[in-house]
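Q: Can you read through this structure? Questions will come right after.
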Amino acid sequence: MSVGLVVEEQIRVRYAETDALGVVYYANHFVWFEVGRVSFLREIGLDFATAEREGISFVVAEATCRYLAPAHFDERLIVRTWIEDIGQRSLTLSYQIVNHDTGQTIATGKTIQVFIDIGNHETTNIPVKARELFERALSD
């Protein structure tokens, strides 16, 4: 099964992201998913700031993470992001966090973003231009 375009973003674990045992605190994986999401949107040409000025936003409606191995201070990680599914009003992105040096998968996860009309705070269909960008990325 082809997953289309996969965008990679490298990060380095900061000391503040670790707990007293020197292991990355679990909630930081969701921050890294956001880093991947923003990088993915930038790569496919979606200018999220412009979309918001035009009255459309998309919010995370669901987020999951499966923790497979610990990450530690100063390790280099790669966040991989790709589209899993495009709905009428939602987009599902998948993530894989990998240790850059060992290749070990640290975590996998998904987020479901729902498109919102900022003016009335209700869900709306994915705008045509955004859908075209998503579909192109999915078919790459």
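As shown in the structure tokens, the chain order sets the letters A, B, ...; within each chain, residues go from 1, and ligands are also counted from 1 in the order they appear.
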Go through segment 32-123 of chain A residue by residue and, counting only C-alpha atoms, keep those with an atom at most 8 Å from segment 131-135 of chain A; for each kept residue give the shortest atom pair and its distance in Å to one decimal, ordered by chain and increasing number, as a tab-separated table.
A:
```
residue	atom	partner	partner_atom	distance
A:Ile44	CA	A:Leu133	CA	6.4
A:Gly45	CA	A:Leu133	CA	7.3
A:Leu46	CA	A:Leu133	CA	7.3
A:Ile83	CA	A:Phe134	CA	7.5
A:Ile86	CA	A:Phe134	CA	7.4
```
Q: Do a neighbour search on Tyr95 of chain A at 7 Å with only C-alpha atoms, toss out local chain neighbours closer than 6 positions, and write the hits as a list in words.
A: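 So the residues in contact are Phe33, Val79, Arg80, Thr81, Trp82, Thr108, Gly109 and Lys110 of chain A.
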Q: For Ala16 of chain A, please output as a JSON list (two decimals) with N, CA and C atoms, in the first residue's frame all residues within 10 Å (counting only C-alpha atoms; exclusion window: fewer than 3 positions along the same chain).
A:
```json
[["chain", "number", "residue", "atom", "x", "y", "z"],
["A", 13, "VAL", "N", 16.09, 16.12, 20.85],
["A", 13, "VAL", "CA", 15.40, 16.14, 22.14],
["A", 13, "VAL", "C", 16.07, 17.17, 23.05],
["A", 19, "ASP", "N", 11.77, 13.76, 31.53],
["A", 19, "ASP", "CA", 11.30, 13.70, 32.91],
["A", 19, "ASP", "C", 12.49, 13.45, 33.85],
["A", 22, "GLY", "N", 15.11, 11.05, 32.80],
["A", 22, "GLY", "CA", 15.85, 11.33, 31.58],
["A", 22, "GLY", "C", 15.19, 10.82, 30.31],
["A", 24, "VAL", "N", 11.97, 11.07, 27.55],
["A", 24, "VAL", "CA", 11.04, 12.07, 27.04],
["A", 24, "VAL", "C", 9.66, 11.86, 27.67],
["A", 25, "TYR", "N", 9.10, 12.95, 28.18],
["A", 25, "TYR", "CA", 7.76, 12.94, 28.75],
["A", 25, "TYR", "C", 6.75, 12.68, 27.63],
["A", 28, "ASN", "N", 5.09, 15.14, 24.95],
["A", 28, "ASN", "CA", 5.91, 15.82, 23.94],
["A", 28, "ASN", "C", 5.80, 15.17, 22.57],
["A", 73, "PHE", "N", 17.43, 12.76, 26.22],
["A", 73, "PHE", "CA", 18.01, 14.07, 25.96],
["A", 73, "PHE", "C", 19.11, 13.99, 24.89]]
```
Q: Nearest residue to Arg53 of chain A out of A:Val3, A:Lys129, A:Thr123, A:Asp117, using only C-alpha atoms?
A: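 Of all the options, A:Asp117 lies closest to Arg53 of chain A.
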Q: Just the number, please: distance in Å from atom CA of Thr18 of chain A to atom CA of Glu75 of chain A, one decimal.
A: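 Here the two named atoms are 11.2 Å from each other.
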Q: Name all residues at most 10 Å from Phe48 of chain A (count only C-alpha atoms; drop same-chain ones fewer than 3 positions away) and give them as a list in words.
A: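 Final neighbour list, sorted by chain and number: Val38, Leu41, Arg42, Gly45, Ala51, Glu52, Arg53, Glu54, Ile56, Ser57, Phe58 and Ala130 of chain A.
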Q: Find the spatial neighbours of Ile97 of chain A, counting only C-alpha atoms, within a cut-off of 10 Å - ignore same-chain residues fewer than 3 positions away - and output them as a list of chain:residue names.
A: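 In the requested form, the answer reads A:Glu8, A:Glu9, A:Gln10, A:Ile11, A:His29, A:Trp32, A:Phe33, A:Gly36, A:Tyr67, A:Leu68, A:Ala69, A:Ala71, A:Leu77, A:Ile78, A:Val79, A:Arg80, A:Thr81, A:His100, A:Gly103, A:Gln104, A:Thr105, A:Ile106, A:Ala107, A:Thr108, A:Gly109.
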Q: Include C-alpha atoms and write out the residues we just selected as a tab-separated table (two decimals), in the first residue's frame.
A:
```
chain	number	residue	atom	x	y	z
A	8	GLU	CA	10.52	14.20	7.28
A	9	GLU	CA	11.48	16.76	9.90
A	10	GLN	CA	14.53	16.29	12.11
A	11	ILE	CA	14.39	17.34	15.76
A	29	HIS	CA	5.25	13.27	21.21
A	32	TRP	CA	6.44	16.62	17.68
A	33	PHE	CA	3.42	15.44	15.69
A	36	GLY	CA	5.56	17.20	11.52
A	67	TYR	CA	4.84	4.50	22.43
A	68	LEU	CA	7.32	1.85	21.31
A	69	ALA	CA	10.69	2.90	22.76
A	71	ALA	CA	13.83	8.76	23.64
A	77	LEU	CA	14.83	12.07	15.96
A	78	ILE	CA	13.03	12.12	12.64
A	79	VAL	CA	9.30	12.85	12.50
A	80	ARG	CA	7.71	11.35	9.39
A	81	THR	CA	4.26	12.61	8.38
A	100	HIS	CA	17.94	9.14	13.56
A	103	GLY	CA	16.60	3.67	13.00
A	104	GLN	CA	14.46	2.41	15.88
A	105	THR	CA	10.84	3.52	15.84
A	106	ILE	CA	10.12	5.51	18.99
A	107	ALA	CA	6.40	6.09	18.44
A	108	THR	CA	3.63	6.05	15.87
A	109	GLY	CA	0.44	8.05	15.87
```
Q: Taking the backbone alone, and naming residues the way the document does, which bits of segment 14-137 of chain A are helix (DSSP H, G or I) by DSSP, as an mmCIF file with all heavy atoms, in the first residue's frame?
A:
```cif
data_model
loop_
_atom_site.group_PDB
_atom_site.id
_atom_site.type_symbol
_atom_site.label_atom_id
_atom_site.label_comp_id
_atom_site.auth_asym_id
_atom_site.auth_seq_id
_atom_site.Cartn_x
_atom_site.Cartn_y
_atom_site.Cartn_z
ATOM 1 N N TYR A 15 16.448 19.089 26.777
ATOM 2 C CA TYR A 15 16.442 18.653 28.177
ATOM 3 C C TYR A 15 15.073 18.869 28.821
ATOM 4 O O TYR A 15 14.581 18.021 29.564
ATOM 5 C CB TYR A 15 17.528 19.395 28.960
ATOM 6 C CG TYR A 15 17.671 18.903 30.379
ATOM 7 C CD1 TYR A 15 18.333 17.715 30.648
ATOM 8 C CD2 TYR A 15 17.128 19.622 31.433
ATOM 9 C CE1 TYR A 15 18.454 17.246 31.943
ATOM 10 C CE2 TYR A 15 17.243 19.166 32.736
ATOM 11 C CZ TYR A 15 17.904 17.974 32.992
ATOM 12 O OH TYR A 15 18.017 17.514 34.273
ATOM 13 N N ALA A 16 14.436 19.989 28.488
ATOM 14 C CA ALA A 16 13.130 20.325 29.073
ATOM 15 C C ALA A 16 12.041 19.331 28.662
ATOM 16 O O ALA A 16 10.983 19.290 29.291
ATOM 17 C CB ALA A 16 12.717 21.733 28.667
ATOM 18 N N GLU A 17 12.291 18.531 27.634
ATOM 19 C CA GLU A 17 11.298 17.552 27.168
ATOM 20 C C GLU A 17 11.402 16.216 27.895
ATOM 21 O O GLU A 17 10.623 15.307 27.631
ATOM 22 C CB GLU A 17 11.451 17.341 25.657
ATOM 23 C CG GLU A 17 11.107 18.597 24.874
ATOM 24 C CD GLU A 17 11.477 18.516 23.408
ATOM 25 O OE1 GLU A 17 12.539 17.946 23.078
ATOM 26 O OE2 GLU A 17 10.691 19.036 22.590
ATOM 27 N N ASN A 28 5.089 15.141 24.949
ATOM 28 C CA ASN A 28 5.910 15.816 23.944
ATOM 29 C C ASN A 28 5.805 15.170 22.572
ATOM 30 O O ASN A 28 6.043 15.827 21.561
ATOM 31 C CB ASN A 28 7.366 15.878 24.402
ATOM 32 C CG ASN A 28 7.539 16.893 25.514
ATOM 33 O OD1 ASN A 28 7.132 18.037 25.373
ATOM 34 N ND2 ASN A 28 8.091 16.462 26.622
ATOM 35 N N HIS A 29 5.424 13.923 22.509
ATOM 36 C CA HIS A 29 5.249 13.273 21.213
ATOM 37 C C HIS A 29 4.170 13.989 20.396
ATOM 38 O O HIS A 29 4.288 14.113 19.178
ATOM 39 C CB HIS A 29 4.887 11.797 21.390
ATOM 40 C CG HIS A 29 5.991 10.997 22.022
ATOM 41 N ND1 HIS A 29 6.330 11.126 23.345
ATOM 42 C CD2 HIS A 29 6.835 10.078 21.501
ATOM 43 C CE1 HIS A 29 7.333 10.310 23.615
ATOM 44 N NE2 HIS A 29 7.665 9.656 22.510
ATOM 45 N N PHE A 30 3.143 14.491 21.065
ATOM 46 C CA PHE A 30 2.090 15.226 20.360
ATOM 47 C C PHE A 30 2.599 16.580 19.847
ATOM 48 O O PHE A 30 2.180 17.036 18.792
ATOM 49 C CB PHE A 30 0.858 15.397 21.253
ATOM 50 C CG PHE A 30 0.168 14.093 21.537
ATOM 51 C CD1 PHE A 30 0.327 13.448 22.747
ATOM 52 C CD2 PHE A 30 -0.625 13.493 20.565
ATOM 53 C CE1 PHE A 30 -0.298 12.236 22.997
ATOM 54 C CE2 PHE A 30 -1.251 12.280 20.805
ATOM 55 C CZ PHE A 30 -1.079 11.653 22.025
ATOM 56 N N VAL A 31 3.521 17.193 20.595
ATOM 57 C CA VAL A 31 4.153 18.423 20.123
ATOM 58 C C VAL A 31 4.953 18.111 18.860
ATOM 59 O O VAL A 31 4.908 18.871 17.879
ATOM 60 C CB VAL A 31 5.066 19.032 21.215
ATOM 61 C CG1 VAL A 31 5.854 20.221 20.679
ATOM 62 C CG2 VAL A 31 4.243 19.433 22.439
ATOM 63 N N TRP A 32 5.658 16.998 18.856
ATOM 64 C CA TRP A 32 6.440 16.624 17.677
ATOM 65 C C TRP A 32 5.544 16.268 16.500
ATOM 66 O O TRP A 32 5.888 16.518 15.353
ATOM 67 C CB TRP A 32 7.382 15.476 18.013
ATOM 68 C CG TRP A 32 8.393 15.838 19.074
ATOM 69 C CD1 TRP A 32 8.813 17.111 19.425
ATOM 70 C CD2 TRP A 32 9.086 14.952 19.918
ATOM 71 N NE1 TRP A 32 9.730 17.036 20.434
ATOM 72 C CE2 TRP A 32 9.921 15.719 20.764
ATOM 73 C CE3 TRP A 32 9.090 13.569 20.070
ATOM 74 C CZ2 TRP A 32 10.762 15.155 21.709
ATOM 75 C CZ3 TRP A 32 9.930 12.997 21.014
ATOM 76 C CH2 TRP A 32 10.750 13.788 21.825
ATOM 77 N N PHE A 33 4.371 15.681 16.775
ATOM 78 C CA PHE A 33 3.416 15.441 15.689
ATOM 79 C C PHE A 33 3.025 16.779 15.049
ATOM 80 O O PHE A 33 2.887 16.879 13.833
ATOM 81 C CB PHE A 33 2.155 14.738 16.185
ATOM 82 C CG PHE A 33 2.342 13.297 16.590
ATOM 83 C CD1 PHE A 33 1.329 12.633 17.257
ATOM 84 C CD2 PHE A 33 3.510 12.596 16.320
ATOM 85 C CE1 PHE A 33 1.460 11.301 17.618
ATOM 86 C CE2 PHE A 33 3.659 11.259 16.685
ATOM 87 C CZ PHE A 33 2.622 10.615 17.347
ATOM 88 N N GLU A 34 2.841 17.804 15.880
ATOM 89 C CA GLU A 34 2.491 19.120 15.333
ATOM 90 C C GLU A 34 3.629 19.685 14.490
ATOM 91 O O GLU A 34 3.391 20.275 13.431
ATOM 92 C CB GLU A 34 2.122 20.106 16.435
ATOM 93 C CG GLU A 34 1.728 21.454 15.878
ATOM 94 C CD GLU A 34 1.382 22.473 16.933
ATOM 95 O OE1 GLU A 34 1.573 22.207 18.131
ATOM 96 O OE2 GLU A 34 0.926 23.556 16.546
ATOM 97 N N VAL A 35 4.857 19.495 14.932
ATOM 98 C CA VAL A 35 6.013 19.914 14.136
ATOM 99 C C VAL A 35 5.949 19.230 12.769
ATOM 100 O O VAL A 35 6.122 19.864 11.725
ATOM 101 C CB VAL A 35 7.335 19.587 14.862
ATOM 102 C CG1 VAL A 35 8.534 19.764 13.934
ATOM 103 C CG2 VAL A 35 7.496 20.452 16.109
ATOM 104 N N GLY A 36 5.677 17.938 12.774
ATOM 105 C CA GLY A 36 5.557 17.201 11.518
ATOM 106 C C GLY A 36 4.403 17.688 10.666
ATOM 107 O O GLY A 36 4.528 17.825 9.446
ATOM 108 N N ARG A 37 3.269 17.968 11.308
ATOM 109 C CA ARG A 37 2.077 18.426 10.584
ATOM 110 C C ARG A 37 2.328 19.765 9.889
ATOM 111 O O ARG A 37 2.019 19.940 8.713
ATOM 112 C CB ARG A 37 0.898 18.528 11.553
ATOM 113 C CG ARG A 37 -0.412 18.887 10.928
ATOM 114 C CD ARG A 37 -1.593 18.685 11.862
ATOM 115 N NE ARG A 37 -1.485 19.313 13.166
ATOM 116 C CZ ARG A 37 -1.285 18.660 14.313
ATOM 117 N NH1 ARG A 37 -1.151 17.353 14.338
ATOM 118 N NH2 ARG A 37 -1.229 19.317 15.451
ATOM 119 N N VAL A 38 2.915 20.706 10.604
ATOM 120 C CA VAL A 38 3.200 22.015 10.031
ATOM 121 C C VAL A 38 4.202 21.887 8.886
ATOM 122 O O VAL A 38 4.043 22.509 7.830
ATOM 123 C CB VAL A 38 3.708 22.989 11.120
ATOM 124 C CG1 VAL A 38 4.257 24.269 10.517
ATOM 125 C CG2 VAL A 38 2.591 23.292 12.115
ATOM 126 N N SER A 39 5.216 21.052 9.067
ATOM 127 C CA SER A 39 6.202 20.831 8.008
ATOM 128 C C SER A 39 5.548 20.201 6.786
ATOM 129 O O SER A 39 5.831 20.583 5.649
ATOM 130 C CB SER A 39 7.324 19.935 8.534
ATOM 131 O OG SER A 39 8.284 19.708 7.554
ATOM 132 N N PHE A 40 4.646 19.251 7.013
ATOM 133 C CA PHE A 40 3.946 18.593 5.913
ATOM 134 C C PHE A 40 3.107 19.599 5.128
ATOM 135 O O PHE A 40 3.151 19.652 3.900
ATOM 136 C CB PHE A 40 3.055 17.468 6.447
ATOM 137 C CG PHE A 40 2.386 16.677 5.366
ATOM 138 C CD1 PHE A 40 3.015 15.594 4.785
ATOM 139 C CD2 PHE A 40 1.122 17.027 4.911
ATOM 140 C CE1 PHE A 40 2.409 14.868 3.772
ATOM 141 C CE2 PHE A 40 0.507 16.323 3.899
ATOM 142 C CZ PHE A 40 1.152 15.236 3.327
ATOM 143 N N LEU A 41 2.334 20.417 5.831
ATOM 144 C CA LEU A 41 1.486 21.416 5.173
ATOM 145 C C LEU A 41 2.324 22.405 4.370
ATOM 146 O O LEU A 41 1.973 22.764 3.245
ATOM 147 C CB LEU A 41 0.632 22.157 6.201
ATOM 148 C CG LEU A 41 -0.405 21.305 6.932
ATOM 149 C CD1 LEU A 41 -1.081 22.117 8.027
ATOM 150 C CD2 LEU A 41 -1.420 20.712 5.975
ATOM 151 N N ARG A 42 3.443 22.819 4.944
ATOM 152 C CA ARG A 42 4.339 23.737 4.238
ATOM 153 C C ARG A 42 4.870 23.073 2.969
ATOM 154 O O ARG A 42 4.905 23.690 1.902
ATOM 155 C CB ARG A 42 5.494 24.134 5.148
ATOM 156 C CG ARG A 42 6.426 25.173 4.564
ATOM 157 C CD ARG A 42 7.583 25.541 5.493
ATOM 158 N NE ARG A 42 7.154 25.934 6.824
ATOM 159 C CZ ARG A 42 7.408 25.229 7.937
ATOM 160 N NH1 ARG A 42 8.084 24.109 7.885
ATOM 161 N NH2 ARG A 42 6.980 25.669 9.113
ATOM 162 N N GLU A 43 5.262 21.816 3.064
ATOM 163 C CA GLU A 43 5.836 21.092 1.927
ATOM 164 C C GLU A 43 4.847 20.946 0.770
ATOM 165 O O GLU A 43 5.236 21.024 -0.392
ATOM 166 C CB GLU A 43 6.305 19.704 2.387
ATOM 167 C CG GLU A 43 6.918 18.859 1.301
ATOM 168 C CD GLU A 43 8.295 19.330 0.867
ATOM 169 O OE1 GLU A 43 8.978 20.030 1.638
ATOM 170 O OE2 GLU A 43 8.689 19.002 -0.265
ATOM 171 N N ILE A 44 3.565 20.737 1.081
ATOM 172 C CA ILE A 44 2.596 20.553 -0.004
ATOM 173 C C ILE A 44 2.054 21.877 -0.536
ATOM 174 O O ILE A 44 1.288 21.893 -1.492
ATOM 175 C CB ILE A 44 1.432 19.621 0.398
ATOM 176 C CG1 ILE A 44 0.537 20.252 1.465
ATOM 177 C CG2 ILE A 44 1.954 18.259 0.809
ATOM 178 C CD1 ILE A 44 -0.755 19.480 1.707
ATOM 179 N N PHE A 48 -1.307 27.872 5.737
ATOM 180 C CA PHE A 48 -2.340 27.799 6.763
ATOM 181 C C PHE A 48 -2.736 29.179 7.281
ATOM 182 O O PHE A 48 -3.913 29.424 7.560
ATOM 183 C CB PHE A 48 -1.858 26.907 7.904
ATOM 184 C CG PHE A 48 -2.952 26.491 8.820
ATOM 185 C CD1 PHE A 48 -3.998 25.705 8.370
ATOM 186 C CD2 PHE A 48 -2.952 26.902 10.133
ATOM 187 C CE1 PHE A 48 -5.020 25.336 9.219
ATOM 188 C CE2 PHE A 48 -3.968 26.536 10.986
ATOM 189 C CZ PHE A 48 -4.998 25.742 10.529
ATOM 190 N N ALA A 49 -1.782 30.100 7.374
ATOM 191 C CA ALA A 49 -2.101 31.454 7.851
ATOM 192 C C ALA A 49 -3.084 32.141 6.910
ATOM 193 O O ALA A 49 -4.030 32.806 7.351
ATOM 194 C CB ALA A 49 -0.827 32.281 7.998
ATOM 195 N N THR A 50 -2.895 31.975 5.594
ATOM 196 C CA THR A 50 -3.817 32.562 4.620
ATOM 197 C C THR A 50 -5.197 31.945 4.743
ATOM 198 O O THR A 50 -6.212 32.651 4.706
ATOM 199 C CB THR A 50 -3.281 32.381 3.182
ATOM 200 O OG1 THR A 50 -2.033 33.054 3.083
ATOM 201 C CG2 THR A 50 -4.249 32.936 2.153
ATOM 202 N N ALA A 51 -5.263 30.638 4.905
ATOM 203 C CA ALA A 51 -6.556 29.962 5.060
ATOM 204 C C ALA A 51 -7.310 30.520 6.264
ATOM 205 O O ALA A 51 -8.519 30.773 6.180
ATOM 206 C CB ALA A 51 -6.351 28.454 5.200
ATOM 207 N N GLU A 52 -6.613 30.726 7.365
ATOM 208 C CA GLU A 52 -7.276 31.273 8.551
ATOM 209 C C GLU A 52 -7.764 32.699 8.314
ATOM 210 O O GLU A 52 -8.846 33.057 8.761
ATOM 211 C CB GLU A 52 -6.360 31.197 9.767
ATOM 212 C CG GLU A 52 -6.248 29.782 10.303
ATOM 213 C CD GLU A 52 -5.570 29.699 11.655
ATOM 214 O OE1 GLU A 52 -4.789 30.598 12.012
ATOM 215 O OE2 GLU A 52 -5.837 28.709 12.348
ATOM 216 N N ARG A 53 -6.979 33.499 7.600
ATOM 217 C CA ARG A 53 -7.427 34.866 7.286
ATOM 218 C C ARG A 53 -8.671 34.835 6.404
ATOM 219 O O ARG A 53 -9.496 35.740 6.444
ATOM 220 C CB ARG A 53 -6.306 35.651 6.612
ATOM 221 C CG ARG A 53 -5.241 36.142 7.581
ATOM 222 C CD ARG A 53 -4.311 37.164 6.948
ATOM 223 N NE ARG A 53 -3.552 36.634 5.827
ATOM 224 C CZ ARG A 53 -2.384 35.984 5.928
ATOM 225 N NH1 ARG A 53 -1.867 35.779 7.113
ATOM 226 N NH2 ARG A 53 -1.762 35.554 4.853
ATOM 227 N N VAL A 128 -11.739 23.513 -1.705
ATOM 228 C CA VAL A 128 -11.342 22.857 -2.953
ATOM 229 C C VAL A 128 -9.822 22.884 -3.140
ATOM 230 O O VAL A 128 -9.211 21.861 -3.455
ATOM 231 C CB VAL A 128 -12.059 23.516 -4.161
ATOM 232 C CG1 VAL A 128 -11.520 22.975 -5.472
ATOM 233 C CG2 VAL A 128 -13.561 23.303 -4.054
ATOM 234 N N LYS A 129 -9.203 24.044 -2.948
ATOM 235 C CA LYS A 129 -7.758 24.148 -3.153
ATOM 236 C C LYS A 129 -7.002 23.221 -2.196
ATOM 237 O O LYS A 129 -6.058 22.541 -2.592
ATOM 238 C CB LYS A 129 -7.281 25.586 -2.983
ATOM 239 C CG LYS A 129 -5.793 25.734 -3.213
ATOM 240 C CD LYS A 129 -5.321 27.155 -3.054
ATOM 241 C CE LYS A 129 -3.810 27.217 -3.244
ATOM 242 N NZ LYS A 129 -3.247 28.502 -2.927
ATOM 243 N N ALA A 130 -7.406 23.203 -0.938
ATOM 244 C CA ALA A 130 -6.743 22.334 0.039
ATOM 245 C C ALA A 130 -6.940 20.867 -0.332
ATOM 246 O O ALA A 130 -6.000 20.071 -0.272
ATOM 247 C CB ALA A 130 -7.278 22.612 1.441
ATOM 248 N N ARG A 131 -8.147 20.497 -0.735
ATOM 249 C CA ARG A 131 -8.417 19.114 -1.136
ATOM 250 C C ARG A 131 -7.507 18.707 -2.299
ATOM 251 O O ARG A 131 -6.965 17.601 -2.308
ATOM 252 C CB ARG A 131 -9.884 18.931 -1.522
ATOM 253 C CG ARG A 131 -10.197 17.506 -2.011
ATOM 254 C CD ARG A 131 -11.667 17.301 -2.250
ATOM 255 N NE ARG A 131 -12.420 17.354 -1.015
ATOM 256 C CZ ARG A 131 -12.480 16.363 -0.122
ATOM 257 N NH1 ARG A 131 -11.819 15.249 -0.329
ATOM 258 N NH2 ARG A 131 -13.196 16.487 0.970
ATOM 259 N N GLU A 132 -7.340 19.599 -3.265
ATOM 260 C CA GLU A 132 -6.469 19.291 -4.398
ATOM 261 C C GLU A 132 -5.035 19.044 -3.935
ATOM 262 O O GLU A 132 -4.374 18.120 -4.408
ATOM 263 C CB GLU A 132 -6.516 20.431 -5.426
ATOM 264 C CG GLU A 132 -7.831 20.525 -6.160
ATOM 265 C CD GLU A 132 -7.960 21.786 -7.008
ATOM 266 O OE1 GLU A 132 -7.048 22.657 -6.958
ATOM 267 O OE2 GLU A 132 -8.979 21.897 -7.717
ATOM 268 N N LEU A 133 -4.546 19.865 -3.012
ATOM 269 C CA LEU A 133 -3.206 19.678 -2.478
ATOM 270 C C LEU A 133 -3.077 18.360 -1.718
ATOM 271 O O LEU A 133 -2.097 17.636 -1.859
ATOM 272 C CB LEU A 133 -2.812 20.854 -1.578
ATOM 273 C CG LEU A 133 -2.656 22.203 -2.271
ATOM 274 C CD1 LEU A 133 -2.491 23.317 -1.236
ATOM 275 C CD2 LEU A 133 -1.501 22.190 -3.246
ATOM 276 N N PHE A 134 -4.088 18.036 -0.914
ATOM 277 C CA PHE A 134 -4.073 16.781 -0.159
ATOM 278 C C PHE A 134 -4.093 15.585 -1.097
ATOM 279 O O PHE A 134 -3.342 14.622 -0.914
ATOM 280 C CB PHE A 134 -5.261 16.708 0.796
ATOM 281 C CG PHE A 134 -5.267 17.749 1.876
ATOM 282 C CD1 PHE A 134 -6.473 18.218 2.376
ATOM 283 C CD2 PHE A 134 -4.095 18.287 2.392
ATOM 284 C CE1 PHE A 134 -6.502 19.172 3.382
ATOM 285 C CE2 PHE A 134 -4.106 19.251 3.387
ATOM 286 C CZ PHE A 134 -5.323 19.698 3.883
ATOM 287 N N GLU A 135 -4.955 15.631 -2.100
ATOM 288 C CA GLU A 135 -5.067 14.505 -3.043
ATOM 289 C C GLU A 135 -3.786 14.316 -3.833
ATOM 290 O O GLU A 135 -3.365 13.174 -4.077
ATOM 291 C CB GLU A 135 -6.278 14.697 -3.959
ATOM 292 C CG GLU A 135 -7.580 14.500 -3.225
ATOM 293 C CD GLU A 135 -8.820 14.806 -4.039
ATOM 294 O OE1 GLU A 135 -8.697 15.345 -5.176
ATOM 295 O OE2 GLU A 135 -9.932 14.507 -3.554
ATOM 296 N N ARG A 136 -3.134 15.408 -4.214
ATOM 297 C CA ARG A 136 -1.863 15.308 -4.934
ATOM 298 C C ARG A 136 -0.802 14.672 -4.027
ATOM 299 O O ARG A 136 -0.042 13.797 -4.461
ATOM 300 C CB ARG A 136 -1.399 16.690 -5.387
ATOM 301 C CG ARG A 136 -0.157 16.641 -6.271
ATOM 302 C CD ARG A 136 0.258 17.996 -6.833
ATOM 303 N NE ARG A 136 -0.849 18.771 -7.324
ATOM 304 C CZ ARG A 136 -1.113 20.041 -6.971
ATOM 305 N NH1 ARG A 136 -0.318 20.665 -6.139
ATOM 306 N NH2 ARG A 136 -2.136 20.680 -7.476
ATOM 307 N N ALA A 137 -0.756 15.087 -2.762
ATOM 308 C CA ALA A 137 0.217 14.518 -1.822
ATOM 309 C C ALA A 137 -0.053 13.038 -1.576
ATOM 310 O O ALA A 137 0.879 12.243 -1.438
ATOM 311 C CB ALA A 137 0.188 15.280 -0.502
#
```
